[in-house]
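For reference, my_file.txt is printed below; it contains compact mmCIF, C-alpha atoms.
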```
# COMPACT_ATOMS: atom_id res chain seq x y z
CA GLU H 1 12.46 -19.53 39.81
CA VAL H 2 8.67 -19.13 40.15
CA PHE H 3 8.94 -15.34 39.80
CA ARG H 4 11.18 -15.68 36.74
CA ARG H 5 8.64 -17.96 35.04
CA ARG H 6 5.80 -15.58 35.87
CA ALA H 7 7.76 -12.61 34.56
CA HIS H 8 8.64 -14.52 31.39
CA ASN H 9 4.98 -15.52 30.84
CA LEU H 10 3.76 -11.98 31.44
CA ARG H 11 6.34 -10.57 29.03
CA GLN H 12 5.22 -13.00 26.31
CA THR H 13 1.57 -12.06 26.89
CA LEU H 14 2.34 -8.34 26.58
CA ASP H 15 4.40 -8.92 23.43
CA SER H 16 1.59 -10.91 21.80
CA LEU H 17 -1.01 -8.25 22.75
CA GLU H 18 1.19 -5.52 21.30
CA ALA H 19 1.68 -7.51 18.08
CA ASP H 20 -2.11 -7.76 17.65
CA LYS H 21 -2.42 -3.96 17.69
CA ARG H 22 0.21 -3.38 15.01
CA ILE H 23 -0.76 -2.19 11.54
CA PRO H 24 0.80 -4.15 8.66
CA LEU H 25 2.10 -1.97 5.83
CA SER H 26 3.61 -2.88 2.52
CA ILE H 27 6.40 -0.51 1.53
CA ILE H 28 6.40 0.18 -2.21
CA ARG H 29 8.54 2.34 -4.47
CA LEU H 30 7.09 4.61 -7.16
CA GLY H 31 9.84 6.43 -8.99
CA SER H 32 12.26 7.63 -6.34
CA GLU H 33 9.65 7.85 -3.57
CA ARG H 34 8.55 5.23 -1.07
CA PHE H 35 4.99 4.79 0.16
CA GLY H 36 3.18 2.57 2.63
CA VAL H 37 0.01 0.68 1.71
CA GLU H 38 -2.09 -0.89 4.45
CA LEU H 39 -2.46 -4.62 3.86
CA ASP H 40 -6.18 -4.67 4.63
CA VAL H 41 -6.84 -3.48 1.04
CA VAL H 42 -4.08 -5.53 -0.63
CA ARG H 43 -5.16 -8.87 -2.07
CA GLU H 44 -1.74 -9.89 -3.39
CA PHE H 45 1.48 -8.87 -5.11
CA SER H 46 2.51 -10.07 -8.54
CA HIS H 47 4.94 -9.45 -11.37
CA ILE H 48 3.76 -7.82 -14.56
CA HIS H 49 4.60 -10.25 -17.32
CA ARG H 50 2.66 -8.59 -20.10
CA ALA H 51 0.07 -5.83 -20.10
CA THR H 52 -2.33 -5.65 -23.03
CA PRO H 53 -3.20 -2.05 -23.94
CA ILE H 54 -6.88 -1.07 -24.00
CA PRO H 55 -7.86 1.20 -26.91
CA CYS H 56 -9.56 4.54 -26.26
CA CYS H 57 -8.72 4.64 -22.54
CA PRO H 58 -7.17 7.54 -20.62
CA PRO H 59 -3.39 7.45 -20.09
CA HIS H 60 -3.62 6.30 -16.47
CA ILE H 61 -5.14 2.97 -17.61
CA VAL H 62 -2.03 0.97 -18.46
CA GLY H 63 -3.96 -2.01 -19.79
CA ASN H 64 -5.12 -5.45 -18.74
CA MET H 65 -3.12 -8.42 -17.56
CA ASN H 66 -3.96 -12.06 -17.05
CA LEU H 67 -3.63 -12.98 -13.39
CA ARG H 68 -4.13 -16.77 -13.18
CA GLY H 69 -7.11 -16.66 -15.54
CA ASP H 70 -8.66 -13.43 -14.20
CA ILE H 71 -8.48 -10.22 -16.22
CA LEU H 72 -7.01 -7.46 -14.06
CA THR H 73 -7.08 -3.80 -15.13
CA LEU H 74 -3.90 -1.88 -14.34
CA ALA H 75 -4.27 1.76 -13.27
CA ASP H 76 -1.21 3.97 -12.77
CA ILE H 77 -1.55 6.31 -9.76
CA ARG H 78 1.64 8.29 -10.36
CA ALA H 79 -0.20 11.30 -11.80
CA LEU H 80 -2.42 11.48 -8.69
CA LEU H 81 0.67 11.55 -6.51
CA ASN H 82 2.47 14.05 -8.75
CA ILE H 83 5.23 11.58 -9.58
CA PRO H 84 6.76 11.78 -13.06
CA ALA H 85 6.17 8.78 -15.29
CA GLY H 86 9.22 6.58 -15.42
CA SER H 87 10.06 3.31 -17.02
CA ALA H 88 7.55 0.48 -17.21
CA ALA H 89 6.70 -0.89 -13.78
CA ALA H 90 7.81 -4.42 -13.01
CA GLU H 91 5.44 -5.34 -10.19
CA VAL H 92 1.78 -4.86 -9.36
CA VAL H 93 -0.12 -4.47 -6.10
CA VAL H 94 -3.59 -5.98 -6.47
CA VAL H 95 -5.91 -3.76 -4.46
CA GLU H 96 -9.38 -4.80 -3.37
CA SER H 97 -12.02 -2.37 -2.11
CA CYS H 98 -15.69 -3.39 -1.96
CA ASP H 99 -16.25 -5.26 -5.24
CA LEU H 100 -13.47 -3.46 -7.11
CA HIS H 101 -10.22 -5.27 -7.92
CA ILE H 102 -7.54 -3.24 -9.62
CA GLY H 103 -3.83 -3.60 -10.21
CA VAL H 104 -1.55 -0.72 -9.28
CA PRO H 105 1.79 -0.92 -11.11
CA VAL H 106 4.77 -0.12 -8.86
CA ASP H 107 8.49 -0.06 -9.47
CA GLN H 108 9.24 -2.31 -6.51
CA VAL H 109 7.59 -3.94 -3.50
CA LEU H 110 10.25 -3.53 -0.83
CA GLU H 111 8.92 -5.28 2.27
CA VAL H 112 6.11 -5.61 4.79
CA ILE H 113 6.51 -3.86 8.13
CA TYR H 114 4.35 -3.68 11.24
CA LEU H 115 3.78 -0.35 12.97
CA ARG H 116 2.12 0.62 16.21
CA PRO H 117 -0.61 3.24 15.75
CA ALA H 118 1.55 5.64 17.80
CA ASP H 119 4.30 5.35 15.14
CA ILE H 120 2.02 6.94 12.51
CA ALA H 121 2.02 10.73 12.42
CA SER H 122 -0.62 12.82 10.70
CA MET H 123 0.24 14.68 7.51
CA PRO H 124 1.61 18.21 8.08
CA ALA H 125 -1.25 20.73 7.93
CA ALA H 126 0.89 23.31 6.14
CA SER H 127 1.78 20.95 3.30
CA GLN H 128 0.20 21.89 -0.01
CA GLU H 129 1.40 18.96 -2.10
CA GLU H 130 -1.21 17.23 -4.25
CA LYS H 131 -0.17 13.78 -3.11
CA ASP H 132 -0.95 14.60 0.53
CA GLU H 133 -4.67 14.59 -0.31
CA TYR H 134 -4.41 10.82 -0.86
CA CYS H 135 -2.26 10.06 2.21
CA LYS H 136 -3.44 9.01 5.68
CA GLY H 137 -0.24 9.84 7.51
CA MET H 138 3.51 9.39 7.69
CA ALA H 139 5.79 6.91 9.38
CA ARG H 140 9.50 6.56 9.88
CA TYR H 141 11.11 4.03 7.54
CA GLY H 142 14.85 3.46 7.61
CA GLU H 143 16.62 6.81 7.41
CA GLY H 144 13.58 8.70 6.13
CA MET H 145 9.81 8.86 6.15
CA VAL H 146 7.12 7.17 4.07
CA SER H 147 3.67 8.51 3.31
CA ILE H 148 0.88 6.03 3.94
CA LEU H 149 -1.49 5.93 0.98
CA ASP H 150 -5.26 5.94 1.48
CA MET H 151 -6.00 3.41 -1.27
CA GLN H 152 -9.76 3.44 -0.65
CA LYS H 153 -9.82 7.21 -1.22
CA ILE H 154 -7.65 6.84 -4.32
CA LEU H 155 -10.06 4.26 -5.74
CA ALA H 156 -13.18 6.24 -4.80
CA LYS H 157 -12.13 9.83 -5.57
CA GLY H 158 -8.95 9.57 -7.62
CA GLY H 159 -10.65 9.76 -11.00
CA LEU H 160 -9.43 6.31 -12.01
CA GLU H 161 -12.78 5.22 -13.43
CA VAL H 162 -13.36 5.41 -17.16
CA GLU H 163 -16.63 7.05 -18.12
CA GLU H 164 -18.04 5.71 -21.36
CA GLU H 165 -20.08 8.11 -23.44
CA VAL H 166 -22.65 6.72 -25.82
```
Target format structure tokens, applied to this file:
Amino acid sequence: EVFRRRAHNLRQTLDSLEADKRIPLSIIRLGSERFGVELDVVREFSHIHRATPIPCCPPHIVGNMNLRGDILTLADIRALLNIPAGSAAAEVVVVESCDLHIGVPVDQVLEVIYLRPADIASMPAASQEEKDEYCKGMARYGEGMVSILDMQKILAKGGLEVEEEV
């Protein structure tokens, strides 16, 4: 009985240590493709009730929305990922990097999963797709694979900012 209790306690300790090392990912759908977004840059998820268009902005700026009294700018990243524009997105992932808060419209937030670092593979070196520039790696999800988006790189180098000329 003593050995069983010790084995049980050790197993629980190992399980809790392994859970601490897991990386939480939100699985989202853009068009027909699924992507993973690390939760360390995600502030929250919300529904898009109404987006107000902003005049004289590039096409990737969808507009602004009111998120509990805060004005949130919505930026569509489909063009960066070479995904054709589809119908109006229903949900938004609020991304936070440094002092920048931006809403990324998505077709659907599917779920949150937890992966071990060993479950994440690097992007294939031979791949020449544009979207791979903004991906950190790939992971198995269900029957297929998901690309894990590098949201900080998308925000920093994705050309989402609007430059105002005087």
### Message
So that I can see what lies close to Ala139 of chain H, please list as a list of chain:residue names the residues with an atom at most 6 Å from it, counting all atoms listed in the file and leaving out residues fewer than 2 positions away in the same chain.
### Response
H:Ile120, H:Met145, H:Val146
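Residues in contact with segment 103-116 of chain H at up to 6 Å, not including ones fewer than 2 positions away on its chain and judged by all atoms listed in the file, are H:Arg22, H:Ile23, H:Pro24, H:Leu25, H:Ser26, H:Ile27, H:Ile28, H:Arg29, H:Leu30, H:Thr73, H:Leu74, H:Ala75, H:Asp76, H:Ala89, H:Ala90, H:Glu91, H:Val92, H:Val93, H:Val94, H:Ala118, H:Asp119.
Minimum distance to Glu143 of chain H across H:Cys56, H:Arg34, H:Met123, H:Ser46 (counting all atoms listed in the file) occurs at H:Arg34.
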### Task
Using all atoms listed in the file, find the one residue out of H:Gly86, H:Pro53, H:Pro124, H:Pro58 that sits nearest to Leu72 of chain H.
H:Pro53
### Query
If I put a ball of radius 12 Å at (-15.9, -3.8, -5.3) in the file's coordinates, which residues poke into it when counting only C-alpha atoms, written as a VMD selection string?
chain H and resid 41 95 to 102 152 155 to 156
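Nearest-residue note for Leu67 of chain H: choosing from H:Arg6, H:Gly31, H:Phe45, H:Ala79, the minimum distance belongs to H:Phe45, counting all atoms listed in the file.
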### Task
Counting all atoms listed in the file, select every polymer residue within 7 Å of (4.4, 7.5, 1.8) as defined in the file's coordinates, and provide the selection as a PyMOL selection string.
chain H and resi 34-36+138+146-149
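If you look at atom CA of Ile77 of chain H and atom CA of Ile61 of chain H, they are 9.3 Å away from each other.
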### Query
How many Å separate atom CA of Val42 of chain H from atom CA of Gly63 of chain H?
19.5 Å
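Computed from the coordinates, the atom CA of Ile71 of chain H to atom CA of Cys135 of chain H distance equals 28.1 Å.
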